[in-house]
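*Asks:* One structure follows; several queries about it will come next.
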Amino acid sequence: MKIIYGIKEIRDLSKSLNMGFVPTMGALHKGHISLIEKSLEENEETVVSIFINPTQFSPGEDYIHYPKTLEQDLEILKKLNVTAVFVPRSDEIYPSDFDITLGVPSLENLLCGVTRPGHFRGVCLILMILLNLLKPQRLYLGRKDFQQLTIIQKMCKDLLIDTEVIGCPIFRDLDGLPLSSRLAYLDSSLRSAVSLFPKALSAIIQSIDNGNQDSVYLKENFTSLIQREESPFYEILYADFYDKETLQPIDDVKKSIFCAALMVKTLEKSVRLIDNIPFEISSYYPQSEKNILLKCIES
């Protein structure tokens, strides 16, 4: 496994004819590993980047304190036998005279973008830079951040980027929560409190499977389940049924994706948790994931 720090070296590697790429900010967990394993299955070469991108953190967010576990991450990647790990320096990615912005206005100011101004512009910017450097055939992103996935697919389509953007299933813990580096910020009591999140999602699935497609009722039921025990720990930022391409609210639940976000409050910081469920079984929403969520309502 090569560990590459410089732009010239990563450009040389980009000559590969069959490369899969998994961008990360480090603090790797099983969700990241599932993306990497998918790339290893489908490509001759797999490159993983580790870069905590400053431009995607909104003011007041946790850029300085974001988990930094490079040594452990490299050990994980070495065991997975990836081709290379790209660990660029920030001053090479963003030199002092850097003066470019990039975004998808129709999608970036909705959902999480309402309370994270500029976040998705930072995501578009770093991924455009990395795609330009590596020129991979395939880019692997998790479906947990469906808004991000939709924005990057739109960016690549509109800019005629010759990279296939592949959305992969959410990797969930035993309690149904999607794995996230930010879960490390939650102590056991907070983790227990937010376990209501996947249970409320599974209740929506169960209701729809039982024939209830009333979007207003389903949203109200989700909210009431989350708030059934008054808690100072979290607030609902959004929760609704959205069109998969425009991210605009729609009433036809069978053609929608239900997206929700909670802000979890700790003594030291606030932690955002996001999740979603599309209402059709597909390659990025397998039956196995649905089954995991449905088990949550039983516990």
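Just remember, in the structure tokens the first chain shown is A, the second B, etc., residues are 1-based per chain, and ligands are 1-based in the order shown.
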Using only C-alpha atoms, find each residue of stretch 18-58 of chain A with at least one atom at most 10 Å away from an atom of stretch 76-85 of chain A; report its shortest atom-to-atom pair and that distance in Å (one decimal), sort the rows by chain and rising residue number, and return the result as a Markdown table.
*Replies:*
```
| residue | atom | partner | partner_atom | distance |
| --- | --- | --- | --- | --- |
| A:Met19 | CA | A:Thr83 | CA | 9.4 |
| A:Gly20 | CA | A:Thr83 | CA | 9.9 |
| A:Phe21 | CA | A:Ala84 | CA | 9.9 |
| A:Val22 | CA | A:Val85 | CA | 9.7 |
| A:Pro23 | CA | A:Val85 | CA | 9.8 |
| A:Leu28 | CA | A:Ile76 | CA | 8.0 |
| A:His29 | CA | A:Ile76 | CA | 9.3 |
| A:Ile33 | CA | A:Leu80 | CA | 8.4 |
| A:Ile36 | CA | A:Val82 | CA | 8.1 |
| A:Glu37 | CA | A:Leu80 | CA | 7.8 |
| A:Ser39 | CA | A:Val82 | CA | 9.4 |
| A:Leu40 | CA | A:Val82 | CA | 7.4 |
| A:Glu44 | CA | A:Thr83 | CA | 8.9 |
| A:Glu45 | CA | A:Thr83 | CA | 5.7 |
| A:Thr46 | CA | A:Thr83 | CA | 5.3 |
| A:Val47 | CA | A:Ala84 | CA | 5.0 |
| A:Val48 | CA | A:Val85 | CA | 4.9 |
| A:Ser49 | CA | A:Val85 | CA | 5.5 |
| A:Ile50 | CA | A:Val85 | CA | 7.2 |
```
*Asks:* Let me make sure I understand: among A:Ile3, A:Lys135, A:Ser34, A:Gly122, which one has the smallest atom-to-atom distance to A:Leu70 if we use only C-alpha atoms?
*Replies:*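 When distances to A:Leu70 are compared using only C-alpha atoms, the smallest one comes from A:Ile3.
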*Asks:* Got a sec: who's within 10 Å of stretch 253-258 of chain A, counting only C-alpha atoms, leaving out chain neighbours fewer than 5 positions off, as a list in words?
*Replies:* Phe146, Leu201, Ile204, Ile208, Asn212, Gln213, Asp214, Ser215, Leu218, Lys219, Ala239, Asp240, Phe241, Tyr242, Asp243, Lys244, Glu245, Leu247, Gln248, Asp275, Asn276, Ile277, Pro278, Phe279 and Glu280 of chain A
*Asks:* Residues of the last selection are to be written out with C-alpha atoms, as a short mmCIF file (atom, residue, chain, number, x, y, z; two decimals), in the first residue's frame.
*Replies:*
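result31.cif written:
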```
data_model
loop_
_atom_site.label_atom_id
_atom_site.label_comp_id
_atom_site.auth_asym_id
_atom_site.auth_seq_id
_atom_site.Cartn_x
_atom_site.Cartn_y
_atom_site.Cartn_z
CA PHE A 146 -28.41 11.56 0.76
CA LEU A 201 -37.89 5.53 11.21
CA ILE A 204 -42.71 4.70 9.34
CA ILE A 208 -46.34 1.98 5.09
CA ASN A 212 -50.80 3.70 5.53
CA GLN A 213 -49.47 6.21 2.98
CA ASP A 214 -50.75 9.40 4.63
CA SER A 215 -47.61 11.57 4.66
CA LEU A 218 -46.54 9.53 9.16
CA LYS A 219 -44.58 12.74 9.79
CA ALA A 239 -38.19 15.49 8.94
CA ASP A 240 -40.18 15.06 5.74
CA PHE A 241 -40.75 13.09 2.54
CA TYR A 242 -38.65 14.43 -0.35
CA ASP A 243 -38.32 13.94 -4.08
CA LYS A 244 -35.10 11.96 -4.68
CA GLU A 245 -33.81 14.31 -7.38
CA LEU A 247 -35.08 17.28 -2.61
CA GLN A 248 -38.38 19.16 -2.53
CA ASP A 275 -30.66 9.48 8.49
CA ASN A 276 -33.01 8.54 5.67
CA ILE A 277 -35.09 5.75 4.20
CA PRO A 278 -36.15 5.53 0.52
CA PHE A 279 -39.39 3.69 -0.11
CA GLU A 280 -38.27 1.20 -2.69
#
```
*Asks:* Extract, using only C-alpha atoms, all DNA, RNA and protein residues at most 12 Å from stretch 93-97 of chain A, discarding same-chain residues fewer than 6 positions from it, and format them as a tab-separated table (two decimals) with N, CA and C atoms, in the first residue's frame.
*Replies:*
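Generated output (result_14.tsv):
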```tsv
chain	number	residue	atom	x	y	z
A	5	TYR	N	1.53	11.74	-0.27
A	5	TYR	CA	1.27	13.04	0.34
A	5	TYR	C	1.27	14.17	-0.69
A	6	GLY	N	1.95	13.96	-1.82
A	6	GLY	CA	2.13	15.05	-2.78
A	6	GLY	C	1.20	14.97	-3.97
A	7	ILE	N	0.92	16.12	-4.55
A	7	ILE	CA	0.02	16.20	-5.70
A	7	ILE	C	0.65	15.56	-6.94
A	51	PHE	N	-8.57	13.39	4.36
A	51	PHE	CA	-8.34	14.83	4.39
A	51	PHE	C	-9.50	15.49	5.12
A	52	ILE	N	-9.22	16.11	6.25
A	52	ILE	CA	-10.26	16.84	6.99
A	52	ILE	C	-10.40	18.19	6.32
A	53	ASN	N	-11.43	18.31	5.51
A	53	ASN	CA	-11.59	19.44	4.61
A	53	ASN	C	-12.13	20.68	5.33
A	54	PRO	N	-11.33	21.72	5.50
A	54	PRO	CA	-11.79	22.88	6.27
A	54	PRO	C	-12.94	23.64	5.62
A	55	THR	N	-13.06	23.60	4.30
A	55	THR	CA	-14.06	24.43	3.64
A	55	THR	C	-15.49	23.93	3.82
A	86	PHE	N	-4.20	8.62	-0.12
A	86	PHE	CA	-3.78	9.99	-0.41
A	86	PHE	C	-4.06	10.85	0.82
A	87	VAL	N	-2.99	11.39	1.40
A	87	VAL	CA	-3.09	12.22	2.61
A	87	VAL	C	-2.48	13.59	2.28
A	122	GLY	N	-18.31	23.59	0.12
A	122	GLY	CA	-17.01	23.03	0.50
A	122	GLY	C	-16.86	21.58	0.08
A	125	LEU	N	-16.32	21.50	-3.67
A	125	LEU	CA	-14.98	22.00	-3.99
A	125	LEU	C	-13.92	20.92	-3.79
A	126	ILE	N	-13.91	20.29	-2.62
A	126	ILE	CA	-12.87	19.29	-2.35
A	126	ILE	C	-13.02	18.07	-3.26
A	127	LEU	N	-14.25	17.66	-3.53
A	127	LEU	CA	-14.42	16.49	-4.38
A	127	LEU	C	-14.06	16.81	-5.83
A	128	MET	N	-14.33	18.02	-6.27
A	128	MET	CA	-13.93	18.40	-7.62
A	128	MET	C	-12.41	18.39	-7.74
A	129	ILE	N	-11.72	18.88	-6.73
A	129	ILE	CA	-10.26	18.88	-6.74
A	129	ILE	C	-9.73	17.44	-6.76
A	130	LEU	N	-10.29	16.59	-5.90
A	130	LEU	CA	-9.82	15.20	-5.83
A	130	LEU	C	-10.13	14.42	-7.10
A	132	ASN	N	-10.41	15.69	-10.05
A	132	ASN	CA	-9.51	16.21	-11.08
A	132	ASN	C	-8.11	15.61	-10.94
A	133	LEU	N	-7.68	15.38	-9.70
A	133	LEU	CA	-6.35	14.81	-9.48
A	133	LEU	C	-6.30	13.32	-9.81
```
*Asks:* Please list as a list in words every residue within 10 Å of A:Val165, counting only C-alpha atoms and excluding residues in the same chain fewer than 2 positions away.
*Replies:*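 Result of the neighbour search: Phe21, Gln137, Arg138, Leu139, Tyr140, Leu141, Leu149, Thr150, Ile152, Gln153, Lys154, Cys156, Lys157, Ile161, Asp162, Thr163, Gly167 and Cys168 of chain A.
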*Asks:* Those same residues - C-alpha atoms - I'd like them written as an mmCIF file, in the first residue's frame.
*Replies:*
```cif
data_model
loop_
_atom_site.group_PDB
_atom_site.id
_atom_site.type_symbol
_atom_site.label_atom_id
_atom_site.label_comp_id
_atom_site.auth_asym_id
_atom_site.auth_seq_id
_atom_site.Cartn_x
_atom_site.Cartn_y
_atom_site.Cartn_z
ATOM 1 C CA PHE A 21 -12.045 6.140 -5.208
ATOM 2 C CA GLN A 137 -13.722 5.567 -13.032
ATOM 3 C CA ARG A 138 -15.958 5.243 -9.970
ATOM 4 C CA LEU A 139 -16.591 7.317 -6.846
ATOM 5 C CA TYR A 140 -18.125 5.598 -3.819
ATOM 6 C CA LEU A 141 -20.274 7.589 -1.380
ATOM 7 C CA LEU A 149 -24.872 12.146 -2.669
ATOM 8 C CA THR A 150 -27.543 13.908 -4.757
ATOM 9 C CA ILE A 152 -22.318 15.288 -6.113
ATOM 10 C CA GLN A 153 -24.248 13.264 -8.693
ATOM 11 C CA LYS A 154 -25.720 16.501 -10.050
ATOM 12 C CA CYS A 156 -20.678 15.417 -12.013
ATOM 13 C CA LYS A 157 -23.583 15.240 -14.462
ATOM 14 C CA ILE A 161 -17.251 14.541 -15.201
ATOM 15 C CA ASP A 162 -16.480 11.069 -16.517
ATOM 16 C CA THR A 163 -16.754 9.371 -13.121
ATOM 17 C CA GLY A 167 -24.358 5.467 -3.742
ATOM 18 C CA CYS A 168 -23.859 2.627 -1.262
#
```
*Asks:* Which parts of stretch 56-238 of chain A does DSSP call strand (DSSP E or B) when run on the backbone here, written out as JSON, numbers by chain?
*Replies:* {"A": [84, 85, 86, 138, 139, 140, 141, 142, 164, 165, 166, 167, 168, 172, 178, 234, 235, 236, 237, 238]}
